[in-house]
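Notes follow the structure.
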Amino acid sequence: MGPERVLSPEALEERELVLAAQAGDSTAFAGLVRRHQRRAYAVARAIVLSHDDAEDAVQEGFLHAFRALERFRPEQAFGAWLHRIVANAALDIARRRKVRDADELPETLSSPHKDPAESDELRARLTRALDTLGERQRAVIVLHDVEGYKHAEIGVLLGIPEGTARSDLHHARAHLRRQLSNLRSES
Amino acid sequence: MIITRNGDGRSSERSPGADPQVTAALSAHYAAPAGDKYWDGLEQSIMQRLAVATSGVVRELRPSWWSGFAELRGRDWRAVASVAATIALVVAGAAFVRGQAASAKARELAARAAVETAMPLPIDGTTLTGGRRHLPADAPERYLNPLDP
């Protein structure tokens, strides 16, 4: 008999919520939504381009999670399971958006920002640089540098090998550094 | 794989190799909405969508009799309309025939009643002449042929 895994009070509480939700208690599921929606939003926002799409992805993700709840094993980490579902929903939305917007010019390219303040200029440059970055590289750098995920975790979320996440991060950083270095040398 | 994070889910470590200025700009760019009001609203939206989705499942499991109409499309509707028109035609025809038969029977009964009340059958010759004492003897013939002198 192996050693039992000691769960924190938060983990125990979450496990109870999961079990209650699996038994059909919608209030318990609302508790899980309250607990995980911010993190789910952060994951979705790293993958899609806009706030609205991130919100859609979060809603879709929770809906899918609810439908698949009976297949979830309570000894798993609910957050990791949920974030994977939300990431998939966000990837779907990004794919659909890409097809829909294929002929449209990105707003940031059609209307360059002209604010003289450096911080605003940096923000505008960053937006443009992010637009020219591949969507997977953009997601990787945001998940890693902003959200604090590790390469392997990003690989699981985006469905890519850990090595790919690592090289995407390297290229994304180099790209952004190049795009923003001109601004620093000018100022 | 288990992803562990601190309170708000973020790792407290700074990513090695990351440009702090770029990371700060990225954080500002991708910042989640602040304020509990937004998150309360999002939670409500999620639970509402869930309720709608759940009630949809119940509807699918227990379809009402009229839900069949919702599934009818194009040619199906035309087939249903033609069957309904045929049934309506048959019912109307049956009602017309029944009405005609009733009317004919009523007319027959009325005619029979009229004949019976206007021309009571004589029992014998005495009765006939006895009832016409105030009339001349040839009265019936004159009534039948009033132009005769």
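Numbering starts fresh at 1 for the residues of each chain in the structure tokens, the chains themselves are lettered A, B, ... in the order given, and ligands are numbered from 1 as they appear.
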
Find the residues in chain A near chain B: any atom within 9 Å counts, using only C-alpha atoms. Write them as a ChimeraX atom specification. /A:26,29-30,33-34,37-39,41-42,45-46,51,55,58-60,62-63,66,76-81,119,122-123,126-127,142,144-150,152-153,156,170,173,176-177,180

Let's have the selection written as a short mmCIF file (atom, residue, chain, number, x, y, z; two decimals), in the first residue's frame, with N, CA and C atoms.
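Contents of the output file out-v6.cif:
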data_model
loop_
_atom_site.label_atom_id
_atom_site.label_comp_id
_atom_site.auth_asym_id
_atom_site.auth_seq_id
_atom_site.Cartn_x
_atom_site.Cartn_y
_atom_site.Cartn_z
N SER A 26 -25.80 21.86 -9.56
CA SER A 26 -25.35 22.97 -10.39
C SER A 26 -24.70 24.08 -9.56
N PHE A 29 -21.17 23.26 -9.37
CA PHE A 29 -20.46 23.60 -10.61
C PHE A 29 -20.21 25.10 -10.70
N ALA A 30 -21.19 25.89 -10.22
CA ALA A 30 -21.00 27.35 -10.19
C ALA A 30 -19.78 27.70 -9.31
N VAL A 33 -16.80 27.16 -11.39
CA VAL A 33 -16.68 28.25 -12.36
C VAL A 33 -16.03 29.46 -11.68
N ARG A 34 -16.53 29.82 -10.49
CA ARG A 34 -16.03 30.98 -9.76
C ARG A 34 -14.53 30.80 -9.46
N GLN A 37 -12.50 30.59 -13.36
CA GLN A 37 -12.78 31.36 -14.56
C GLN A 37 -11.66 32.36 -14.91
N ARG A 38 -11.01 32.93 -13.89
CA ARG A 38 -9.94 33.90 -14.18
C ARG A 38 -8.76 33.23 -14.88
N ARG A 39 -8.40 32.09 -14.36
CA ARG A 39 -7.28 31.36 -14.94
C ARG A 39 -7.64 30.86 -16.35
N TYR A 41 -9.70 32.29 -18.32
CA TYR A 41 -9.67 33.46 -19.20
C TYR A 41 -8.23 33.74 -19.65
N ALA A 42 -7.28 33.68 -18.71
CA ALA A 42 -5.88 33.96 -19.03
C ALA A 42 -5.36 33.00 -20.10
N ARG A 45 -7.11 33.91 -23.39
CA ARG A 45 -6.66 35.21 -23.91
C ARG A 45 -5.29 35.13 -24.54
N ALA A 46 -4.47 34.18 -24.07
CA ALA A 46 -3.14 34.00 -24.66
C ALA A 46 -3.24 33.42 -26.06
N HIS A 51 -10.48 40.16 -26.48
CA HIS A 51 -11.15 39.88 -25.22
C HIS A 51 -12.45 39.11 -25.44
N GLU A 55 -13.54 35.48 -23.96
CA GLU A 55 -14.75 35.25 -23.16
C GLU A 55 -15.58 34.10 -23.74
N VAL A 58 -13.94 30.82 -22.95
CA VAL A 58 -14.15 30.42 -21.55
C VAL A 58 -15.54 29.80 -21.39
N GLN A 59 -16.54 30.46 -21.96
CA GLN A 59 -17.91 29.94 -21.84
C GLN A 59 -18.03 28.57 -22.51
N GLU A 60 -17.48 28.48 -23.73
CA GLU A 60 -17.51 27.19 -24.45
C GLU A 60 -16.80 26.12 -23.64
N PHE A 62 -16.24 25.87 -20.38
CA PHE A 62 -17.00 25.41 -19.21
C PHE A 62 -18.18 24.53 -19.63
N LEU A 63 -18.79 24.89 -20.76
CA LEU A 63 -19.91 24.08 -21.26
C LEU A 63 -19.45 22.67 -21.62
N PHE A 66 -18.67 20.73 -18.48
CA PHE A 66 -19.88 20.26 -17.79
C PHE A 66 -20.41 18.99 -18.45
N GLN A 76 -7.71 13.43 -10.46
CA GLN A 76 -6.96 14.32 -11.36
C GLN A 76 -7.04 15.75 -10.84
N ALA A 77 -6.17 16.62 -11.41
CA ALA A 77 -6.28 18.06 -11.08
C ALA A 77 -7.34 18.67 -11.99
N PHE A 78 -8.41 19.17 -11.37
CA PHE A 78 -9.52 19.71 -12.16
C PHE A 78 -9.06 20.89 -13.03
N GLY A 79 -8.22 21.76 -12.44
CA GLY A 79 -7.76 22.95 -13.16
C GLY A 79 -7.03 22.59 -14.45
N ALA A 80 -6.11 21.63 -14.38
CA ALA A 80 -5.34 21.25 -15.56
C ALA A 80 -6.27 20.68 -16.64
N TRP A 81 -7.22 19.86 -16.19
CA TRP A 81 -8.20 19.25 -17.12
C TRP A 81 -9.04 20.34 -17.79
N SER A 119 5.60 55.03 -23.72
CA SER A 119 4.87 53.84 -23.27
C SER A 119 3.77 53.47 -24.25
N LEU A 122 5.44 52.13 -27.29
CA LEU A 122 5.86 50.76 -27.02
C LEU A 122 4.69 49.80 -27.15
N ARG A 123 3.55 50.25 -26.61
CA ARG A 123 2.35 49.40 -26.66
C ARG A 123 1.92 49.19 -28.12
N LEU A 126 4.34 46.94 -29.78
CA LEU A 126 4.13 45.58 -29.28
C LEU A 126 2.93 44.93 -29.97
N THR A 127 1.85 45.71 -30.10
CA THR A 127 0.64 45.20 -30.76
C THR A 127 0.96 44.80 -32.19
N VAL A 142 3.12 34.34 -24.24
CA VAL A 142 2.20 34.89 -23.22
C VAL A 142 2.01 33.87 -22.09
N HIS A 144 4.03 31.56 -21.18
CA HIS A 144 5.26 31.35 -20.42
C HIS A 144 5.68 32.60 -19.64
N ASP A 145 5.83 33.71 -20.34
CA ASP A 145 6.39 34.91 -19.70
C ASP A 145 5.36 35.69 -18.88
N VAL A 146 4.10 35.63 -19.27
CA VAL A 146 3.08 36.40 -18.54
C VAL A 146 2.35 35.50 -17.53
N GLU A 147 1.95 34.32 -17.98
CA GLU A 147 1.14 33.46 -17.11
C GLU A 147 1.96 32.48 -16.28
N GLY A 148 3.22 32.31 -16.59
CA GLY A 148 4.10 31.50 -15.76
C GLY A 148 4.02 30.00 -15.97
N TYR A 149 3.48 29.57 -17.10
CA TYR A 149 3.46 28.12 -17.39
C TYR A 149 4.85 27.64 -17.80
N LYS A 150 5.13 26.38 -17.56
CA LYS A 150 6.39 25.77 -17.99
C LYS A 150 6.21 25.19 -19.40
N ALA A 152 6.60 22.25 -20.67
CA ALA A 152 5.86 21.00 -20.77
C ALA A 152 4.35 21.26 -20.60
N GLU A 153 4.02 22.16 -19.68
CA GLU A 153 2.60 22.48 -19.46
C GLU A 153 2.00 23.16 -20.69
N VAL A 156 1.20 20.62 -23.24
CA VAL A 156 -0.06 19.92 -22.98
C VAL A 156 -1.25 20.80 -23.36
N HIS A 170 11.70 30.85 -27.79
CA HIS A 170 12.97 31.46 -28.18
C HIS A 170 12.75 32.41 -29.36
N ARG A 173 10.54 35.54 -28.46
CA ARG A 173 11.30 36.55 -27.71
C ARG A 173 12.24 37.34 -28.62
N LEU A 176 10.21 39.76 -30.83
CA LEU A 176 9.72 40.95 -30.10
C LEU A 176 10.89 41.87 -29.74
N ARG A 177 12.01 41.28 -29.35
CA ARG A 177 13.18 42.09 -28.99
C ARG A 177 13.62 42.91 -30.20
N LEU A 180 11.17 45.76 -31.00
CA LEU A 180 11.12 46.84 -30.02
C LEU A 180 12.48 47.50 -29.79
#

May I have all residues of region 34-168 of chain A that DSSP, computed from the backbone, assigns to alpha helix (DSSP H), given as an mmCIF file with N, CA and C atoms, in the first residue's frame?
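Written output follows (part-v2.cif):
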data_model
loop_
_atom_site.group_PDB
_atom_site.id
_atom_site.type_symbol
_atom_site.label_atom_id
_atom_site.label_comp_id
_atom_site.auth_asym_id
_atom_site.auth_seq_id
_atom_site.Cartn_x
_atom_site.Cartn_y
_atom_site.Cartn_z
ATOM 1 N N ARG A 34 -16.531 29.815 -10.491
ATOM 2 C CA ARG A 34 -16.028 30.975 -9.755
ATOM 3 C C ARG A 34 -14.531 30.801 -9.459
ATOM 4 N N ARG A 35 -14.163 29.608 -9.146
ATOM 5 C CA ARG A 35 -12.797 29.310 -8.731
ATOM 6 C C ARG A 35 -11.820 29.350 -9.915
ATOM 7 N N HIS A 36 -12.288 28.956 -11.095
ATOM 8 C CA HIS A 36 -11.352 28.748 -12.203
ATOM 9 C C HIS A 36 -11.516 29.711 -13.376
ATOM 10 N N GLN A 37 -12.505 30.589 -13.356
ATOM 11 C CA GLN A 37 -12.776 31.362 -14.562
ATOM 12 C C GLN A 37 -11.658 32.359 -14.906
ATOM 13 N N ARG A 38 -11.006 32.932 -13.889
ATOM 14 C CA ARG A 38 -9.943 33.904 -14.181
ATOM 15 C C ARG A 38 -8.762 33.231 -14.883
ATOM 16 N N ARG A 39 -8.397 32.092 -14.361
ATOM 17 C CA ARG A 39 -7.277 31.356 -14.936
ATOM 18 C C ARG A 39 -7.638 30.858 -16.348
ATOM 19 N N ALA A 40 -8.879 30.417 -16.480
ATOM 20 C CA ALA A 40 -9.347 29.945 -17.793
ATOM 21 C C ALA A 40 -9.314 31.091 -18.797
ATOM 22 N N TYR A 41 -9.702 32.286 -18.321
ATOM 23 C CA TYR A 41 -9.666 33.462 -19.201
ATOM 24 C C TYR A 41 -8.233 33.737 -19.647
ATOM 25 N N ALA A 42 -7.284 33.679 -18.711
ATOM 26 C CA ALA A 42 -5.878 33.963 -19.029
ATOM 27 C C ALA A 42 -5.361 32.999 -20.098
ATOM 28 N N VAL A 43 -5.720 31.738 -19.979
ATOM 29 C CA VAL A 43 -5.298 30.732 -20.962
ATOM 30 C C VAL A 43 -5.902 31.055 -22.333
ATOM 31 N N ALA A 44 -7.200 31.338 -22.332
ATOM 32 C CA ALA A 44 -7.885 31.624 -23.594
ATOM 33 C C ALA A 44 -7.350 32.911 -24.232
ATOM 34 N N ARG A 45 -7.111 33.906 -23.393
ATOM 35 C CA ARG A 45 -6.665 35.213 -23.905
ATOM 36 C C ARG A 45 -5.286 35.125 -24.543
ATOM 37 N N ALA A 46 -4.471 34.184 -24.072
ATOM 38 C CA ALA A 46 -3.142 34.002 -24.657
ATOM 39 C C ALA A 46 -3.242 33.416 -26.061
ATOM 40 N N ILE A 47 -4.327 32.753 -26.332
ATOM 41 C CA ILE A 47 -4.447 32.030 -27.603
ATOM 42 C C ILE A 47 -5.209 32.839 -28.655
ATOM 43 N N HIS A 51 -10.478 40.158 -26.484
ATOM 44 C CA HIS A 51 -11.152 39.878 -25.215
ATOM 45 C C HIS A 51 -12.455 39.115 -25.438
ATOM 46 N N ASP A 52 -13.217 39.540 -26.452
ATOM 47 C CA ASP A 52 -14.515 38.891 -26.713
ATOM 48 C C ASP A 52 -14.347 37.415 -27.056
ATOM 49 N N ASP A 53 -13.343 37.136 -27.893
ATOM 50 C CA ASP A 53 -13.100 35.733 -28.255
ATOM 51 C C ASP A 53 -12.657 34.926 -27.037
ATOM 52 N N ALA A 54 -11.869 35.570 -26.168
ATOM 53 C CA ALA A 54 -11.421 34.867 -24.951
ATOM 54 C C ALA A 54 -12.626 34.530 -24.072
ATOM 55 N N GLU A 55 -13.541 35.477 -23.962
ATOM 56 C CA GLU A 55 -14.749 35.255 -23.158
ATOM 57 C C GLU A 55 -15.581 34.104 -23.742
ATOM 58 N N ASP A 56 -15.720 34.107 -25.072
ATOM 59 C CA ASP A 56 -16.452 33.008 -25.741
ATOM 60 C C ASP A 56 -15.788 31.670 -25.461
ATOM 61 N N ALA A 57 -14.466 31.670 -25.550
ATOM 62 C CA ALA A 57 -13.723 30.419 -25.335
ATOM 63 C C ALA A 57 -13.920 29.905 -23.909
ATOM 64 N N VAL A 58 -13.944 30.823 -22.949
ATOM 65 C CA VAL A 58 -14.147 30.425 -21.551
ATOM 66 C C VAL A 58 -15.539 29.800 -21.388
ATOM 67 N N GLN A 59 -16.539 30.460 -21.964
ATOM 68 C CA GLN A 59 -17.907 29.938 -21.842
ATOM 69 C C GLN A 59 -18.030 28.568 -22.514
ATOM 70 N N GLU A 60 -17.480 28.484 -23.734
ATOM 71 C CA GLU A 60 -17.507 27.193 -24.450
ATOM 72 C C GLU A 60 -16.803 26.116 -23.638
ATOM 73 N N GLY A 61 -15.656 26.501 -23.093
ATOM 74 C CA GLY A 61 -14.852 25.548 -22.332
ATOM 75 C C GLY A 61 -15.601 24.996 -21.136
ATOM 76 N N PHE A 62 -16.240 25.870 -20.384
ATOM 77 C CA PHE A 62 -17.003 25.407 -19.212
ATOM 78 C C PHE A 62 -18.181 24.527 -19.631
ATOM 79 N N LEU A 63 -18.790 24.885 -20.757
ATOM 80 C CA LEU A 63 -19.912 24.083 -21.256
ATOM 81 C C LEU A 63 -19.449 22.667 -21.623
ATOM 82 N N HIS A 64 -18.326 22.594 -22.336
ATOM 83 C CA HIS A 64 -17.767 21.277 -22.698
ATOM 84 C C HIS A 64 -17.394 20.498 -21.432
ATOM 85 N N ALA A 65 -16.801 21.216 -20.474
ATOM 86 C CA ALA A 65 -16.370 20.557 -19.228
ATOM 87 C C ALA A 65 -17.577 19.979 -18.501
ATOM 88 N N PHE A 66 -18.669 20.735 -18.476
ATOM 89 C CA PHE A 66 -19.881 20.264 -17.791
ATOM 90 C C PHE A 66 -20.406 18.986 -18.452
ATOM 91 N N ARG A 67 -20.377 19.005 -19.783
ATOM 92 C CA ARG A 67 -20.892 17.828 -20.508
ATOM 93 C C ARG A 67 -19.992 16.605 -20.321
ATOM 94 N N PHE A 78 -8.409 19.173 -11.371
ATOM 95 C CA PHE A 78 -9.516 19.707 -12.164
ATOM 96 C C PHE A 78 -9.059 20.888 -13.026
ATOM 97 N N GLY A 79 -8.220 21.762 -12.440
ATOM 98 C CA GLY A 79 -7.757 22.951 -13.160
ATOM 99 C C GLY A 79 -7.034 22.590 -14.453
ATOM 100 N N ALA A 80 -6.108 21.634 -14.378
ATOM 101 C CA ALA A 80 -5.344 21.246 -15.564
ATOM 102 C C ALA A 80 -6.267 20.676 -16.641
ATOM 103 N N TRP A 81 -7.224 19.859 -16.189
ATOM 104 C CA TRP A 81 -8.196 19.253 -17.116
ATOM 105 C C TRP A 81 -9.043 20.339 -17.794
ATOM 106 N N LEU A 82 -9.523 21.261 -16.970
ATOM 107 C CA LEU A 82 -10.376 22.338 -17.482
ATOM 108 C C LEU A 82 -9.594 23.253 -18.439
ATOM 109 N N HIS A 83 -8.372 23.612 -18.060
ATOM 110 C CA HIS A 83 -7.604 24.543 -18.896
ATOM 111 C C HIS A 83 -7.293 23.944 -20.259
ATOM 112 N N ARG A 84 -7.113 22.653 -20.291
ATOM 113 C CA ARG A 84 -6.888 21.978 -21.569
ATOM 114 C C ARG A 84 -8.139 22.102 -22.452
ATOM 115 N N ILE A 85 -9.288 21.941 -21.829
ATOM 116 C CA ILE A 85 -10.554 22.056 -22.580
ATOM 117 C C ILE A 85 -10.738 23.493 -23.080
ATOM 118 N N VAL A 86 -10.463 24.461 -22.199
ATOM 119 C CA VAL A 86 -10.602 25.879 -22.589
ATOM 120 C C VAL A 86 -9.602 26.210 -23.701
ATOM 121 N N ALA A 87 -8.380 25.699 -23.577
ATOM 122 C CA ALA A 87 -7.364 25.952 -24.613
ATOM 123 C C ALA A 87 -7.839 25.393 -25.959
ATOM 124 N N ASN A 88 -8.447 24.225 -25.949
ATOM 125 C CA ASN A 88 -8.967 23.637 -27.194
ATOM 126 C C ASN A 88 -10.084 24.502 -27.780
ATOM 127 N N ALA A 89 -10.953 24.996 -26.894
ATOM 128 C CA ALA A 89 -12.038 25.873 -27.359
ATOM 129 C C ALA A 89 -11.454 27.148 -27.969
ATOM 130 N N ALA A 90 -10.419 27.692 -27.332
ATOM 131 C CA ALA A 90 -9.780 28.911 -27.834
ATOM 132 C C ALA A 90 -9.086 28.650 -29.170
ATOM 133 N N LEU A 91 -8.436 27.508 -29.298
ATOM 134 C CA LEU A 91 -7.768 27.167 -30.563
ATOM 135 C C LEU A 91 -8.795 27.039 -31.689
ATOM 136 N N ASP A 92 -9.949 26.466 -31.362
ATOM 137 C CA ASP A 92 -11.043 26.355 -32.352
ATOM 138 C C ASP A 92 -11.502 27.731 -32.805
ATOM 139 N N ILE A 93 -11.717 28.611 -31.844
ATOM 140 C CA ILE A 93 -12.182 29.966 -32.165
ATOM 141 C C ILE A 93 -11.130 30.691 -32.994
ATOM 142 N N ALA A 94 -9.861 30.562 -32.611
ATOM 143 C CA ALA A 94 -8.781 31.223 -33.358
ATOM 144 C C ALA A 94 -8.733 30.714 -34.800
ATOM 145 N N ARG A 95 -8.948 29.424 -34.970
ATOM 146 C CA ARG A 95 -8.940 28.819 -36.310
ATOM 147 C C ARG A 95 -10.087 29.377 -37.156
ATOM 148 N N ARG A 96 -11.276 29.424 -36.537
ATOM 149 C CA ARG A 96 -12.453 29.939 -37.267
ATOM 150 C C ARG A 96 -12.252 31.410 -37.621
ATOM 151 N N ARG A 97 -11.715 32.171 -36.667
ATOM 152 C CA ARG A 97 -11.485 33.608 -36.864
ATOM 153 C C ARG A 97 -10.476 33.827 -37.989
ATOM 154 N N LYS A 98 -9.478 32.989 -38.050
ATOM 155 C CA LYS A 98 -8.427 33.114 -39.058
ATOM 156 C C LYS A 98 -9.024 32.950 -40.460
ATOM 157 N N VAL A 99 -9.917 31.978 -40.587
ATOM 158 C CA VAL A 99 -10.562 31.733 -41.880
ATOM 159 C C VAL A 99 -11.454 32.916 -42.249
ATOM 160 N N ARG A 100 -12.210 33.417 -41.245
ATOM 161 C CA ARG A 100 -13.159 34.507 -41.491
ATOM 162 C C ARG A 100 -12.437 35.815 -41.845
ATOM 163 N N GLU A 107 -6.472 45.725 -37.897
ATOM 164 C CA GLU A 107 -6.718 47.129 -37.571
ATOM 165 C C GLU A 107 -5.426 47.861 -37.209
ATOM 166 N N THR A 108 -4.555 47.161 -36.501
ATOM 167 C CA THR A 108 -3.328 47.818 -36.045
ATOM 168 C C THR A 108 -2.417 48.178 -37.213
ATOM 169 N N LEU A 109 -2.515 47.443 -38.302
ATOM 170 C CA LEU A 109 -1.672 47.766 -39.450
ATOM 171 C C LEU A 109 -2.301 48.861 -40.295
ATOM 172 N N SER A 110 -3.619 48.885 -40.349
ATOM 173 C CA SER A 110 -4.270 49.881 -41.178
ATOM 174 C C SER A 110 -4.304 51.247 -40.495
ATOM 175 N N GLU A 118 6.293 57.457 -25.006
ATOM 176 C CA GLU A 118 7.033 56.226 -25.280
ATOM 177 C C GLU A 118 6.257 54.983 -24.890
ATOM 178 N N SER A 119 5.598 55.027 -23.723
ATOM 179 C CA SER A 119 4.873 53.844 -23.267
ATOM 180 C C SER A 119 3.769 53.474 -24.253
ATOM 181 N N ASP A 120 3.099 54.517 -24.772
ATOM 182 C CA ASP A 120 2.053 54.248 -25.754
ATOM 183 C C ASP A 120 2.664 53.739 -27.049
ATOM 184 N N GLU A 121 3.806 54.347 -27.399
ATOM 185 C CA GLU A 121 4.492 53.914 -28.616
ATOM 186 C C GLU A 121 4.952 52.460 -28.471
ATOM 187 N N LEU A 122 5.435 52.133 -27.291
ATOM 188 C CA LEU A 122 5.863 50.756 -27.017
ATOM 189 C C LEU A 122 4.688 49.801 -27.154
ATOM 190 N N ARG A 123 3.547 50.246 -26.607
ATOM 191 C CA ARG A 123 2.354 49.402 -26.659
ATOM 192 C C ARG A 123 1.920 49.188 -28.117
ATOM 193 N N ALA A 124 1.981 50.292 -28.872
ATOM 194 C CA ALA A 124 1.572 50.193 -30.275
ATOM 195 C C ALA A 124 2.519 49.283 -31.047
ATOM 196 N N ARG A 125 3.810 49.447 -30.792
ATOM 197 C CA ARG A 125 4.808 48.594 -31.454
ATOM 198 C C ARG A 125 4.599 47.127 -31.056
ATOM 199 N N LEU A 126 4.336 46.944 -29.785
ATOM 200 C CA LEU A 126 4.132 45.576 -29.282
ATOM 201 C C LEU A 126 2.926 44.935 -29.974
ATOM 202 N N THR A 127 1.848 45.714 -30.096
ATOM 203 C CA THR A 127 0.643 45.203 -30.759
ATOM 204 C C THR A 127 0.961 44.796 -32.193
ATOM 205 N N ARG A 128 1.708 45.688 -32.876
ATOM 206 C CA ARG A 128 2.073 45.372 -34.268
ATOM 207 C C ARG A 128 2.977 44.150 -34.328
ATOM 208 N N ALA A 129 3.920 44.093 -33.393
ATOM 209 C CA ALA A 129 4.850 42.950 -33.373
ATOM 210 C C ALA A 129 4.095 41.650 -33.100
ATOM 211 N N LEU A 130 3.115 41.715 -32.208
ATOM 212 C CA LEU A 130 2.315 40.514 -31.901
ATOM 213 C C LEU A 130 1.500 40.081 -33.110
ATOM 214 N N ASP A 131 1.044 41.101 -33.883
ATOM 215 C CA ASP A 131 0.274 40.776 -35.088
ATOM 216 C C ASP A 131 1.112 40.008 -36.098
ATOM 217 N N THR A 132 2.408 40.322 -36.147
ATOM 218 C CA THR A 132 3.271 39.671 -37.142
ATOM 219 C C THR A 132 3.835 38.341 -36.621
ATOM 220 N N GLU A 135 0.530 32.699 -34.468
ATOM 221 C CA GLU A 135 -0.387 32.615 -33.311
ATOM 222 C C GLU A 135 0.103 31.634 -32.236
ATOM 223 N N ARG A 136 0.785 30.585 -32.673
ATOM 224 C CA ARG A 136 1.276 29.626 -31.680
ATOM 225 C C ARG A 136 2.425 30.222 -30.864
ATOM 226 N N GLN A 137 3.322 30.964 -31.557
ATOM 227 C CA GLN A 137 4.438 31.600 -30.844
ATOM 228 C C GLN A 137 3.926 32.662 -29.878
ATOM 229 N N ARG A 138 2.895 33.378 -30.316
ATOM 230 C CA ARG A 138 2.305 34.414 -29.450
ATOM 231 C C ARG A 138 1.723 33.756 -28.197
ATOM 232 N N ALA A 139 0.985 32.674 -28.410
ATOM 233 C CA ALA A 139 0.387 31.981 -27.259
ATOM 234 C C ALA A 139 1.468 31.466 -26.314
ATOM 235 N N VAL A 140 2.541 30.934 -26.886
ATOM 236 C CA VAL A 140 3.614 30.358 -26.049
ATOM 237 C C VAL A 140 4.274 31.439 -25.198
ATOM 238 N N ILE A 141 4.598 32.571 -25.801
ATOM 239 C CA ILE A 141 5.304 33.607 -25.020
ATOM 240 C C ILE A 141 4.392 34.191 -23.933
ATOM 241 N N HIS A 151 7.353 24.920 -20.038
ATOM 242 C CA HIS A 151 7.291 24.442 -21.427
ATOM 243 C C HIS A 151 6.414 23.203 -21.577
ATOM 244 N N ALA A 152 6.601 22.254 -20.668
ATOM 245 C CA ALA A 152 5.856 20.996 -20.767
ATOM 246 C C ALA A 152 4.351 21.264 -20.599
ATOM 247 N N GLU A 153 4.021 22.157 -19.684
ATOM 248 C CA GLU A 153 2.599 22.478 -19.456
ATOM 249 C C GLU A 153 2.004 23.161 -20.687
ATOM 250 N N ILE A 154 2.778 24.028 -21.296
ATOM 251 C CA ILE A 154 2.306 24.704 -22.515
ATOM 252 C C ILE A 154 2.100 23.671 -23.622
ATOM 253 N N GLY A 155 3.027 22.710 -23.675
ATOM 254 C CA GLY A 155 2.882 21.641 -24.660
ATOM 255 C C GLY A 155 1.570 20.903 -24.503
ATOM 256 N N VAL A 156 1.203 20.623 -23.244
ATOM 257 C CA VAL A 156 -0.059 19.921 -22.977
ATOM 258 C C VAL A 156 -1.254 20.799 -23.361
ATOM 259 N N LEU A 157 -1.181 22.074 -23.000
ATOM 260 C CA LEU A 157 -2.303 22.985 -23.291
ATOM 261 C C LEU A 157 -2.528 23.161 -24.787
ATOM 262 N N LEU A 158 -1.429 23.326 -25.536
ATOM 263 C CA LEU A 158 -1.568 23.627 -26.958
ATOM 264 C C LEU A 158 -1.482 22.387 -27.846
ATOM 265 N N GLU A 162 6.996 19.459 -26.109
ATOM 266 C CA GLU A 162 7.660 20.406 -25.212
ATOM 267 C C GLU A 162 8.783 21.161 -25.946
ATOM 268 N N GLY A 163 9.524 20.430 -26.797
ATOM 269 C CA GLY A 163 10.625 21.041 -27.539
ATOM 270 C C GLY A 163 10.132 22.146 -28.468
ATOM 271 N N THR A 164 8.952 21.928 -29.048
ATOM 272 C CA THR A 164 8.370 22.948 -29.935
ATOM 273 C C THR A 164 8.008 24.199 -29.133
ATOM 274 N N ALA A 165 7.458 23.978 -27.951
ATOM 275 C CA ALA A 165 7.122 25.119 -27.094
ATOM 276 C C ALA A 165 8.392 25.897 -26.735
ATOM 277 N N ARG A 166 9.452 25.174 -26.476
ATOM 278 C CA ARG A 166 10.721 25.809 -26.103
ATOM 279 C C ARG A 166 11.258 26.651 -27.274
ATOM 280 N N SER A 167 11.269 26.073 -28.473
ATOM 281 C CA SER A 167 11.830 26.820 -29.614
ATOM 282 C C SER A 167 10.903 27.968 -30.017
ATOM 283 N N ASP A 168 9.571 27.765 -29.876
ATOM 284 C CA ASP A 168 8.623 28.855 -30.164
ATOM 285 C C ASP A 168 8.885 30.038 -29.236
#

Nearest to Leu49 (chain A), restricted to only C-alpha atoms and choosing among A:Glu16, A:Leu169, A:Ile160, A:Leu133, comes out as A:Leu133

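With CA of Leu143 (chain A) on one side and CA of Pro9 (chain A) on the other, the separation reads 27.2 Å.
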
Please compute the CA of Ala118 (chain B)-CA of Ala102 (chain B) distance, one decimal, in Å. 24.3 Å

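Atom pair CA of Val115 (chain B) / CA of Ala101 (chain B) has a distance of 21.2 Å (rounded to one decimal).
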